[in-house]
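K.L.:
Sending over start_37.pdb (PDB, C-alpha atoms).
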```
ATOM      1  CA  MET A   4    -213.370 -66.900 107.960  1.00  0.00           C
ATOM      2  CA  ALA A   5    -213.398 -67.947 104.307  1.00  0.00           C
ATOM      3  CA  GLU A   6    -210.878 -65.253 103.385  1.00  0.00           C
ATOM      4  CA  GLU A   7    -208.536 -66.350 106.172  1.00  0.00           C
ATOM      5  CA  THR A   8    -208.824 -69.978 105.068  1.00  0.00           C
ATOM      6  CA  ALA A   9    -208.014 -69.013 101.483  1.00  0.00           C
ATOM      7  CA  ARG A  10    -205.041 -66.933 102.639  1.00  0.00           C
ATOM      8  CA  LEU A  11    -203.639 -69.807 104.680  1.00  0.00           C
ATOM      9  CA  ALA A  12    -204.148 -72.237 101.796  1.00  0.00           C
ATOM     10  CA  GLY A  13    -202.351 -69.869  99.437  1.00  0.00           C
ATOM     11  CA  ALA A  14    -199.453 -69.493 101.845  1.00  0.00           C
ATOM     12  CA  ALA A  15    -199.188 -73.254 102.254  1.00  0.00           C
ATOM     13  CA  SER A  16    -199.183 -73.726  98.486  1.00  0.00           C
ATOM     14  CA  ALA A  17    -196.440 -71.115  98.056  1.00  0.00           C
ATOM     15  CA  ASP A  18    -194.346 -72.800 100.740  1.00  0.00           C
ATOM     16  CA  ARG A  19    -194.805 -76.191  99.095  1.00  0.00           C
ATOM     17  CA  LEU A  20    -193.818 -74.878  95.665  1.00  0.00           C
ATOM     18  CA  GLY A  21    -190.844 -73.078  97.182  1.00  0.00           C
ATOM     19  CA  ALA A  22    -189.661 -76.339  98.730  1.00  0.00           C
ATOM     20  CA  LEU A  23    -189.998 -78.112  95.376  1.00  0.00           C
ATOM     21  CA  ALA A  24    -188.044 -75.350  93.663  1.00  0.00           C
ATOM     22  CA  PHE A  25    -185.238 -75.639  96.210  1.00  0.00           C
ATOM     23  CA  THR A  26    -185.123 -79.411  95.803  1.00  0.00           C
ATOM     24  CA  LEU A  27    -184.840 -79.211  92.026  1.00  0.00           C
ATOM     25  CA  SER A  28    -182.325 -76.369  91.894  1.00  0.00           C
ATOM     26  CA  SER A  29    -180.032 -77.878  94.525  1.00  0.00           C
ATOM     27  CA  SER A  30    -180.112 -81.576  93.762  1.00  0.00           C
ATOM     28  CA  PHE A  31    -180.858 -82.141  90.072  1.00  0.00           C
ATOM     29  CA  PRO A  32    -177.931 -81.657  87.661  1.00  0.00           C
ATOM     30  CA  GLY A  33    -178.811 -79.737  84.528  1.00  0.00           C
ATOM     31  CA  VAL A  34    -181.430 -77.523  86.178  1.00  0.00           C
ATOM     32  CA  SER A  35    -180.178 -73.961  85.762  1.00  0.00           C
ATOM     33  CA  SER A  36    -182.923 -72.396  87.858  1.00  0.00           C
ATOM     34  CA  ALA A  37    -186.107 -73.293  89.708  1.00  0.00           C
ATOM     35  CA  ALA A  38    -188.223 -70.655  91.372  1.00  0.00           C
ATOM     36  CA  VAL A  39    -191.769 -69.598  92.114  1.00  0.00           C
ATOM     37  CA  GLU A  40    -192.705 -66.869  89.621  1.00  0.00           C
ATOM     38  CA  ARG A  41    -196.080 -65.168  89.989  1.00  0.00           C
ATOM     39  CA  GLY A  42    -197.345 -68.023  92.102  1.00  0.00           C
ATOM     40  CA  GLU A  43    -196.208 -70.772  89.718  1.00  0.00           C
ATOM     41  CA  LEU A  44    -193.238 -73.115  89.816  1.00  0.00           C
ATOM     42  CA  VAL A  45    -190.950 -72.458  86.828  1.00  0.00           C
ATOM     43  CA  VAL A  46    -187.996 -74.730  86.069  1.00  0.00           C
ATOM     44  CA  ARG A  47    -185.342 -73.931  83.459  1.00  0.00           C
ATOM     45  CA  ALA A  48    -183.157 -76.825  82.431  1.00  0.00           C
ATOM     46  CA  ASP A  49    -180.768 -78.064  79.783  1.00  0.00           C
ATOM     47  CA  LYS A  50    -182.476 -80.068  77.053  1.00  0.00           C
ATOM     48  CA  ASP A  51    -179.991 -82.925  77.550  1.00  0.00           C
ATOM     49  CA  VAL A  52    -181.546 -83.730  80.946  1.00  0.00           C
ATOM     50  CA  LEU A  53    -185.141 -83.240  79.821  1.00  0.00           C
ATOM     51  CA  ILE A  54    -186.171 -86.907  79.847  1.00  0.00           C
ATOM     52  CA  PRO A  55    -184.799 -87.784  83.320  1.00  0.00           C
ATOM     53  CA  LEU A  56    -186.186 -84.509  84.686  1.00  0.00           C
ATOM     54  CA  MET A  57    -189.647 -85.130  83.262  1.00  0.00           C
ATOM     55  CA  THR A  58    -189.576 -88.721  84.510  1.00  0.00           C
ATOM     56  CA  LEU A  59    -188.755 -87.462  88.002  1.00  0.00           C
ATOM     57  CA  LEU A  60    -191.540 -84.884  87.885  1.00  0.00           C
ATOM     58  CA  ARG A  61    -194.050 -87.500  86.798  1.00  0.00           C
ATOM     59  CA  ASP A  62    -193.085 -90.434  89.021  1.00  0.00           C
ATOM     60  CA  ASP A  63    -191.564 -89.026  92.218  1.00  0.00           C
ATOM     61  CA  PRO A  64    -194.163 -88.940  95.054  1.00  0.00           C
ATOM     62  CA  GLN A  65    -193.283 -85.378  96.063  1.00  0.00           C
ATOM     63  CA  PHE A  66    -193.973 -84.090  92.547  1.00  0.00           C
ATOM     64  CA  ARG A  67    -196.535 -86.420  90.915  1.00  0.00           C
ATOM     65  CA  PHE A  68    -197.163 -84.324  87.815  1.00  0.00           C
ATOM     66  CA  GLU A  69    -199.259 -86.985  86.118  1.00  0.00           C
ATOM     67  CA  GLN A  70    -200.623 -84.898  83.266  1.00  0.00           C
ATOM     68  CA  MET A  71    -198.975 -82.907  80.521  1.00  0.00           C
ATOM     69  CA  MET A  72    -201.381 -80.076  79.778  1.00  0.00           C
ATOM     70  CA  ASP A  73    -199.566 -78.188  77.044  1.00  0.00           C
ATOM     71  CA  LEU A  74    -196.377 -77.699  75.060  1.00  0.00           C
ATOM     72  CA  CYS A  75    -195.646 -74.476  73.217  1.00  0.00           C
ATOM     73  CA  GLY A  76    -192.805 -72.526  71.661  1.00  0.00           C
ATOM     74  CA  VAL A  77    -191.518 -68.972  72.046  1.00  0.00           C
ATOM     75  CA  ASP A  78    -189.234 -67.317  69.508  1.00  0.00           C
ATOM     76  CA  PHE A  79    -186.414 -64.910  70.429  1.00  0.00           C
ATOM     77  CA  PRO A  80    -184.611 -64.350  67.095  1.00  0.00           C
ATOM     78  CA  ALA A  81    -181.758 -62.334  68.623  1.00  0.00           C
ATOM     79  CA  ARG A  82    -180.624 -65.220  70.827  1.00  0.00           C
ATOM     80  CA  LYS A  83    -178.255 -67.987  69.770  1.00  0.00           C
ATOM     81  CA  ASN A  84    -180.734 -70.566  71.058  1.00  0.00           C
ATOM     82  CA  ARG A  85    -183.701 -68.659  69.735  1.00  0.00           C
ATOM     83  CA  PHE A  86    -186.482 -71.002  70.842  1.00  0.00           C
ATOM     84  CA  ASP A  87    -187.955 -71.668  74.258  1.00  0.00           C
ATOM     85  CA  VAL A  88    -189.831 -74.954  74.417  1.00  0.00           C
ATOM     86  CA  VAL A  89    -192.295 -74.707  77.291  1.00  0.00           C
ATOM     87  CA  TYR A  90    -193.939 -77.688  79.007  1.00  0.00           C
ATOM     88  CA  ASN A  91    -196.908 -77.184  81.342  1.00  0.00           C
ATOM     89  CA  LEU A  92    -197.532 -80.063  83.739  1.00  0.00           C
ATOM     90  CA  LEU A  93    -200.345 -80.657  86.219  1.00  0.00           C
ATOM     91  CA  SER A  94    -200.492 -82.745  89.375  1.00  0.00           C
ATOM     92  CA  VAL A  95    -204.122 -83.699  89.886  1.00  0.00           C
ATOM     93  CA  SER A  96    -203.405 -85.572  93.126  1.00  0.00           C
ATOM     94  CA  LEU A  97    -201.432 -82.708  94.716  1.00  0.00           C
ATOM     95  CA  ASN A  98    -203.201 -79.799  92.980  1.00  0.00           C
ATOM     96  CA  GLN A  99    -200.034 -78.118  91.751  1.00  0.00           C
ATOM     97  CA  ARG A 100    -198.511 -77.073  88.443  1.00  0.00           C
ATOM     98  CA  VAL A 101    -195.026 -76.661  87.004  1.00  0.00           C
ATOM     99  CA  ARG A 102    -193.656 -74.995  83.885  1.00  0.00           C
ATOM    100  CA  VAL A 103    -190.485 -76.530  82.449  1.00  0.00           C
ATOM    101  CA  ILE A 104    -188.496 -74.498  79.903  1.00  0.00           C
ATOM    102  CA  VAL A 105    -185.641 -75.648  77.680  1.00  0.00           C
ATOM    103  CA  THR A 106    -183.948 -73.786  74.836  1.00  0.00           C
ATOM    104  CA  THR A 107    -182.740 -74.814  71.393  1.00  0.00           C
ATOM    105  CA  ASP A 108    -181.905 -73.478  67.934  1.00  0.00           C
ATOM    106  CA  GLU A 109    -183.182 -74.232  64.429  1.00  0.00           C
ATOM    107  CA  LEU A 110    -181.034 -77.342  63.953  1.00  0.00           C
ATOM    108  CA  THR A 111    -180.621 -78.986  67.366  1.00  0.00           C
ATOM    109  CA  PRO A 112    -183.475 -81.326  68.278  1.00  0.00           C
ATOM    110  CA  VAL A 113    -185.140 -81.527  71.680  1.00  0.00           C
ATOM    111  CA  PRO A 114    -185.786 -85.021  73.100  1.00  0.00           C
ATOM    112  CA  SER A 115    -189.382 -86.067  72.586  1.00  0.00           C
ATOM    113  CA  VAL A 116    -191.447 -86.783  75.709  1.00  0.00           C
ATOM    114  CA  HIS A 117    -194.114 -88.792  73.879  1.00  0.00           C
ATOM    115  CA  GLY A 118    -192.873 -91.904  75.699  1.00  0.00           C
ATOM    116  CA  LEU A 119    -193.886 -90.307  79.011  1.00  0.00           C
ATOM    117  CA  TRP A 120    -197.068 -88.621  77.802  1.00  0.00           C
ATOM    118  CA  PRO A 121    -198.389 -89.974  74.470  1.00  0.00           C
ATOM    119  CA  CYS A 122    -200.475 -86.816  74.019  1.00  0.00           C
ATOM    120  CA  ALA A 123    -197.202 -84.897  73.548  1.00  0.00           C
ATOM    121  CA  THR A 124    -197.093 -86.076  69.940  1.00  0.00           C
ATOM    122  CA  TRP A 125    -199.826 -83.633  68.976  1.00  0.00           C
ATOM    123  CA  TRP A 126    -198.090 -80.657  70.621  1.00  0.00           C
ATOM    124  CA  GLU A 127    -194.631 -81.569  69.361  1.00  0.00           C
ATOM    125  CA  ARG A 128    -196.026 -81.710  65.845  1.00  0.00           C
ATOM    126  CA  GLU A 129    -197.665 -78.323  66.375  1.00  0.00           C
ATOM    127  CA  CYS A 130    -194.425 -76.805  67.709  1.00  0.00           C
ATOM    128  CA  TYR A 131    -192.533 -78.244  64.748  1.00  0.00           C
ATOM    129  CA  ASP A 132    -195.132 -76.984  62.288  1.00  0.00           C
ATOM    130  CA  LEU A 133    -195.385 -73.430  63.641  1.00  0.00           C
ATOM    131  CA  PHE A 134    -191.820 -72.838  64.873  1.00  0.00           C
ATOM    132  CA  GLY A 135    -189.680 -75.462  63.135  1.00  0.00           C
ATOM    133  CA  VAL A 136    -188.444 -76.962  66.407  1.00  0.00           C
ATOM    134  CA  LEU A 137    -187.147 -80.510  65.883  1.00  0.00           C
ATOM    135  CA  PHE A 138    -187.865 -83.351  68.326  1.00  0.00           C
ATOM    136  CA  SER A 139    -185.583 -86.372  68.395  1.00  0.00           C
ATOM    137  CA  GLY A 140    -187.258 -89.736  68.927  1.00  0.00           C
ATOM    138  CA  GLN A 141    -190.621 -88.470  67.714  1.00  0.00           C
ATOM    139  CA  PRO A 142    -191.871 -91.095  65.199  1.00  0.00           C
ATOM    140  CA  ASP A 143    -194.555 -88.845  63.663  1.00  0.00           C
ATOM    141  CA  LEU A 144    -192.874 -85.465  63.228  1.00  0.00           C
ATOM    142  CA  ARG A 145    -194.934 -83.901  60.442  1.00  0.00           C
ATOM    143  CA  ARG A 146    -197.053 -80.804  60.020  1.00  0.00           C
ATOM    144  CA  ILE A 147    -200.406 -80.713  61.749  1.00  0.00           C
ATOM    145  CA  LEU A 148    -201.988 -77.273  61.149  1.00  0.00           C
ATOM    146  CA  THR A 149    -200.607 -75.821  57.927  1.00  0.00           C
ATOM    147  CA  ASP A 150    -201.493 -77.027  54.449  1.00  0.00           C
ATOM    148  CA  ILE A 151    -199.666 -79.662  52.424  1.00  0.00           C
ATOM    149  CA  GLY A 152    -196.646 -78.095  50.764  1.00  0.00           C
ATOM    150  CA  PHE A 153    -196.599 -75.088  53.102  1.00  0.00           C
ATOM    151  CA  GLU A 154    -193.207 -73.399  53.222  1.00  0.00           C
ATOM    152  CA  GLY A 155    -191.732 -71.932  56.404  1.00  0.00           C
ATOM    153  CA  HIS A 156    -192.967 -71.789  59.992  1.00  0.00           C
ATOM    154  CA  PRO A 157    -195.586 -69.068  60.538  1.00  0.00           C
ATOM    155  CA  LEU A 158    -195.020 -68.278  64.240  1.00  0.00           C
ATOM    156  CA  ARG A 159    -191.360 -67.422  63.819  1.00  0.00           C
ATOM    157  CA  LYS A 160    -190.796 -63.710  64.356  1.00  0.00           C
ATOM    158  CA  ASP A 161    -189.021 -63.393  60.996  1.00  0.00           C
ATOM    159  CA  PHE A 162    -191.889 -64.986  59.048  1.00  0.00           C
ATOM    160  CA  PRO A 163    -193.731 -62.293  57.008  1.00  0.00           C
ATOM    161  CA  LEU A 164    -197.262 -61.521  58.141  1.00  0.00           C
ATOM    162  CA  THR A 165    -198.529 -61.969  54.585  1.00  0.00           C
ATOM    163  CA  GLY A 166    -196.825 -65.340  54.142  1.00  0.00           C
ATOM    164  CA  TYR A 167    -195.197 -66.420  50.900  1.00  0.00           C
ATOM    165  CA  THR A 168    -198.050 -68.084  49.033  1.00  0.00           C
ATOM    166  CA  GLU A 169    -201.831 -67.948  48.916  1.00  0.00           C
ATOM    167  CA  VAL A 170    -204.262 -70.756  48.253  1.00  0.00           C
ATOM    168  CA  ARG A 171    -207.500 -70.146  46.363  1.00  0.00           C
ATOM    169  CA  TYR A 172    -210.035 -71.943  44.226  1.00  0.00           C
ATOM    170  CA  ASP A 173    -209.718 -71.192  40.502  1.00  0.00           C
ATOM    171  CA  PRO A 174    -213.193 -71.504  38.886  1.00  0.00           C
ATOM    172  CA  GLU A 175    -211.713 -71.634  35.400  1.00  0.00           C
ATOM    173  CA  ARG A 176    -209.352 -74.500  36.198  1.00  0.00           C
ATOM    174  CA  ARG A 177    -211.847 -75.980  38.664  1.00  0.00           C
ATOM    175  CA  GLN A 178    -209.188 -76.734  41.210  1.00  0.00           C
ATOM    176  CA  VAL A 179    -207.380 -75.298  44.209  1.00  0.00           C
ATOM    177  CA  VAL A 180    -204.235 -73.438  43.161  1.00  0.00           C
ATOM    178  CA  ARG A 181    -201.253 -72.127  45.104  1.00  0.00           C
ATOM    179  CA  GLU A 182    -199.729 -68.841  43.950  1.00  0.00           C
ATOM    180  CA  PRO A 183    -197.263 -66.235  45.243  1.00  0.00           C
ATOM    181  CA  VAL A 184    -199.107 -63.962  47.643  1.00  0.00           C
ATOM    182  CA  SER A 185    -200.539 -60.801  46.085  1.00  0.00           C
ATOM    183  CA  LEU A 186    -202.179 -58.077  48.133  1.00  0.00           C
ATOM    184  CA  THR A 187    -202.985 -55.684  45.275  1.00  0.00           C
ATOM    185  CA  GLN A 188    -206.634 -54.771  44.808  1.00  0.00           C
ATOM    186  CA  ASP A 189    -208.678 -52.575  42.528  1.00  0.00           C
ATOM    187  CA  PHE A 190    -209.819 -49.163  43.679  1.00  0.00           C
ATOM    188  CA  ARG A 191    -213.099 -49.454  45.512  1.00  0.00           C
ATOM    189  CA  ASP A 192    -215.752 -46.781  45.838  1.00  0.00           C
ATOM    190  CA  PHE A 193    -217.120 -46.957  49.362  1.00  0.00           C
ATOM    191  CA  ASP A 194    -220.682 -45.822  49.995  1.00  0.00           C
ATOM    192  CA  PHE A 195    -220.817 -44.249  53.441  1.00  0.00           C
ATOM    193  CA  VAL A 196    -224.526 -43.429  53.337  1.00  0.00           C
ATOM    194  CA  SER A 197    -226.380 -45.147  56.132  1.00  0.00           C
ATOM    195  CA  PRO A 198    -228.744 -47.861  54.870  1.00  0.00           C
ATOM    196  CA  TRP A 199    -231.287 -46.584  57.400  1.00  0.00           C
ATOM    197  CA  GLU A 200    -231.634 -43.185  55.724  1.00  0.00           C
ATOM    198  CA  GLY A 201    -234.568 -44.311  53.624  1.00  0.00           C
ATOM    199  CA  VAL A 202    -236.487 -45.897  56.458  1.00  0.00           C
ATOM    200  CA  LEU A 203    -239.764 -44.279  57.480  1.00  0.00           C
ATOM    201  CA  THR A 204    -239.633 -42.098  60.566  1.00  0.00           C
ATOM    202  CA  LEU A 205    -240.214 -44.176  63.666  1.00  0.00           C
ATOM    203  CA  PRO A 206    -241.962 -42.950  66.832  1.00  0.00           C
ATOM    204  CA  GLY A 207    -239.499 -40.875  68.831  1.00  0.00           C
ATOM    205  CA  ASP A 208    -237.382 -39.968  65.767  1.00  0.00           C
ATOM    206  CA  GLU A 209    -239.414 -36.922  64.688  1.00  0.00           C
ATOM    207  CA  LYS A 210    -236.591 -34.475  65.423  1.00  0.00           C
ATOM    208  CA  ALA A 211    -234.138 -36.585  63.446  1.00  0.00           C
ATOM    209  CA  HIS A 212    -236.611 -36.678  60.562  1.00  0.00           C
ATOM    210  CA  GLU A 213    -236.949 -32.873  60.612  1.00  0.00           C
ATOM    211  CA  LEU A 214    -233.171 -32.511  60.635  1.00  0.00           C
ATOM    212  CA  ARG A 215    -232.873 -34.821  57.618  1.00  0.00           C
ATOM    213  CA  GLN A 216    -235.435 -32.790  55.706  1.00  0.00           C
ATOM    214  CA  ILE A 217    -233.547 -29.563  56.444  1.00  0.00           C
ATOM    215  CA  MET A 218    -230.245 -31.108  55.336  1.00  0.00           C
ATOM    216  CA  LYS A 219    -231.850 -32.272  52.074  1.00  0.00           C
ATOM    217  CA  LYS A 220    -233.118 -28.772  51.319  1.00  0.00           C
ATOM    218  CA  LEU A 221    -229.726 -27.254  52.062  1.00  0.00           C
ATOM    219  CA  SER A 222    -227.993 -29.723  49.807  1.00  0.00           C
TER     220      SER A 222
END
```
Please, can you express the file's structure as structure tokens?
P.N.:
Amino acid sequence: MAEETARLAGAASADRLGALAFTLSSSFPGVSSAAVERGELVVRADKDVLIPLMTLLRDDPQFRFEQMMDLCGVDFPARKNRFDVVYNLLSVSLNQRVRVIVTTDELTPVPSVHGLWPCATWWERECYDLFGVLFSGQPDLRRILTDIGFEGHPLRKDFPLTGYTEVRYDPERRQVVREPVSLTQDFRDFDFVSPWEGVLTLPGDEKAHELRQIMKKLS
């Protein structure tokens, strides 16, 4: 009975999301696609219609996506508009989610949605810091995770894994210094001998102890 109830609920949810996808793709200009992908509603739209689209998704009774749960970036360096900016919204009242995706390049800003969801400021700053995506209308667009004076955007695919600079504390100068990254290191002699070799033989390890004694004699 419980399995049948869950199956019917899942089917009803899929039908509801499918209806929402059809409504958005057929009646909202600027939406290039809207479909249910892997059980979730995914909407791809032009960034120029982002604000009216997000306002509709938040305020319209059939959508009611009251909460913005996340904003993240995805980098596709080979594309002209290399960045996907992904918005994840949640409707608490209707128990449904939507993912809105817009694209942009390194220079063209995406409209900020902090006026709709004030919490977006944190995520827009993170996306700017890690990917370099610009957000127009964002009054506090500054780095949030990387250090002061950090150069580049570390989650871009063309950013080197080692970075460009390293930060360390210099005991002689008694201050934190920033230097070009250097991965060279002195040759190290690794000791592969088990630290347990010198431990007294424990109950149950008699055979191992005998084997060790034989190996010592042979060596």
K.L.:
What's the 7 Å shell around range 65-79 of chain A, counting only C-alpha atoms, without same-chain residues fewer than 2 positions away, as an MDAnalysis selection string?
P.N.:
chainID A and resid 60:63 81:82 85:95 120 126 130 134 159:160
K.L.:
When you count all atoms listed in the file, which of these residues is closest to Pro32 in chain A: A:Ala48, A:Met218, A:Cys122, A:Leu20?
P.N.:
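Using all atoms listed in the file, the shortest distance to Pro32 in chain A belongs to A:Ala48.
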K.L.:
So how many Å separate CA of Ser139 in chain A and CA of Asp49 in chain A, to one decimal?
P.N.:
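Value for the CA of Ser139 in chain A-CA of Asp49 in chain A distance: 14.9 Å.
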K.L.:
When you draw a straight line from CA of Ser36 in chain A to CA of Thr58 in chain A, how long is it in Å?
P.N.:
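CA of Thr58 in chain A lies 17.9 Å from CA of Ser36 in chain A.
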K.L.:
For Asp143 in chain A, which residue among A:Val170, A:Val39, A:Ser115, A:Gln216 is the nearest when counting all atoms listed in the file?
P.N.:
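Ranking A:Val170, A:Val39, A:Ser115, A:Gln216 by distance to Asp143 in chain A, first place goes to A:Ser115.
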K.L.:
Using the chain letters and numbering of this document, enumerate as a ChimeraX atom specification the residues selected by the PyMOL selection byres ((chain A and resi 51) around 8).
P.N.:
/A:33,49-50,52-54,113-114
K.L.:
Would you mind exporting the chosen residues as a PDB file, keeping the file's coordinate frame, restricted to C-alpha atoms?
P.N.:
```pdb
ATOM      1  CA  GLY A  33    -178.811 -79.737  84.528  1.00  0.00           C
ATOM      2  CA  ASP A  49    -180.768 -78.064  79.783  1.00  0.00           C
ATOM      3  CA  LYS A  50    -182.476 -80.068  77.053  1.00  0.00           C
ATOM      4  CA  VAL A  52    -181.546 -83.730  80.946  1.00  0.00           C
ATOM      5  CA  LEU A  53    -185.141 -83.240  79.821  1.00  0.00           C
ATOM      6  CA  ILE A  54    -186.171 -86.907  79.847  1.00  0.00           C
ATOM      7  CA  VAL A 113    -185.140 -81.527  71.680  1.00  0.00           C
ATOM      8  CA  PRO A 114    -185.786 -85.021  73.100  1.00  0.00           C
TER       9      PRO A 114
END
```
K.L.:
Which residues, written as a PDB file with C-alpha atoms, keeping the file's coordinate frame, have at least one atom at most 12 Å from Ser185 in chain A, with only C-alpha atoms counted and residues fewer than 6 positions away on the same chain left out?
P.N.:
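Result went into result.pdb, see below:
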```
ATOM      1  CA  THR A 165    -198.529 -61.969  54.585  1.00  0.00           C
ATOM      2  CA  GLY A 166    -196.825 -65.340  54.142  1.00  0.00           C
ATOM      3  CA  TYR A 167    -195.197 -66.420  50.900  1.00  0.00           C
ATOM      4  CA  THR A 168    -198.050 -68.084  49.033  1.00  0.00           C
ATOM      5  CA  GLU A 169    -201.831 -67.948  48.916  1.00  0.00           C
ATOM      6  CA  VAL A 170    -204.262 -70.756  48.253  1.00  0.00           C
ATOM      7  CA  ARG A 171    -207.500 -70.146  46.363  1.00  0.00           C
TER       8      ARG A 171
END
```
K.L.:
Just how far from CA of Thr106 in chain A is CA of Arg19 in chain A, in Å to one decimal?
P.N.:
26.7 Å
K.L.:
Need the shell around Pro157 in chain A: protein/DNA/RNA residues with any atom at most 9 Å away, counting all atoms listed in the file. Skip same-chain ones fewer than 4 positions apart. Format as a PDB file with C-alpha atoms, keeping the file's coordinate frame?
P.N.:
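File produced: part.pdb:
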```pdb
ATOM      1  CA  ASP A 132    -195.132 -76.984  62.288  1.00  0.00           C
ATOM      2  CA  LEU A 133    -195.385 -73.430  63.641  1.00  0.00           C
ATOM      3  CA  PHE A 134    -191.820 -72.838  64.873  1.00  0.00           C
ATOM      4  CA  THR A 149    -200.607 -75.821  57.927  1.00  0.00           C
ATOM      5  CA  ASP A 161    -189.021 -63.393  60.996  1.00  0.00           C
ATOM      6  CA  PHE A 162    -191.889 -64.986  59.048  1.00  0.00           C
ATOM      7  CA  PRO A 163    -193.731 -62.293  57.008  1.00  0.00           C
ATOM      8  CA  LEU A 164    -197.262 -61.521  58.141  1.00  0.00           C
ATOM      9  CA  GLY A 166    -196.825 -65.340  54.142  1.00  0.00           C
TER      10      GLY A 166
END
```
K.L.:
Check the smallest atom-to-atom distance from each of A:Val34, A:Gly42, A:Val180, A:Asn98 to Ala17 in chain A using all atoms listed in the file, then report the winner.
P.N.:
A:Gly42
K.L.:
Return the single residue from A:His212, A:Arg128, A:Arg102, A:Arg41 that is closest to Arg146 in chain A, with distances computed using all atoms listed in the file.
P.N.:
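Using all atoms listed in the file, the shortest distance to Arg146 in chain A belongs to A:Arg128.
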K.L.:
I would like the residues chosen by the PyMOL selection byres ((chain A and resi 47) around 7) on the shown file; could you give them as JSON, numbers by chain?
P.N.:
{"A": [34, 35, 36, 37, 45, 46, 48, 103, 104, 105]}
K.L.:
Produce a file of the selected residues containing C-alpha atoms, as an mmCIF file, in the frame of the given file.
P.N.:
```cif
data_model
loop_
_atom_site.group_PDB
_atom_site.id
_atom_site.type_symbol
_atom_site.label_atom_id
_atom_site.label_comp_id
_atom_site.auth_asym_id
_atom_site.auth_seq_id
_atom_site.Cartn_x
_atom_site.Cartn_y
_atom_site.Cartn_z
ATOM 1 C CA VAL A 34 -181.430 -77.523 86.178
ATOM 2 C CA SER A 35 -180.178 -73.961 85.762
ATOM 3 C CA SER A 36 -182.923 -72.396 87.858
ATOM 4 C CA ALA A 37 -186.107 -73.293 89.708
ATOM 5 C CA VAL A 45 -190.950 -72.458 86.828
ATOM 6 C CA VAL A 46 -187.996 -74.730 86.069
ATOM 7 C CA ALA A 48 -183.157 -76.825 82.431
ATOM 8 C CA VAL A 103 -190.485 -76.530 82.449
ATOM 9 C CA ILE A 104 -188.496 -74.498 79.903
ATOM 10 C CA VAL A 105 -185.641 -75.648 77.680
#
```
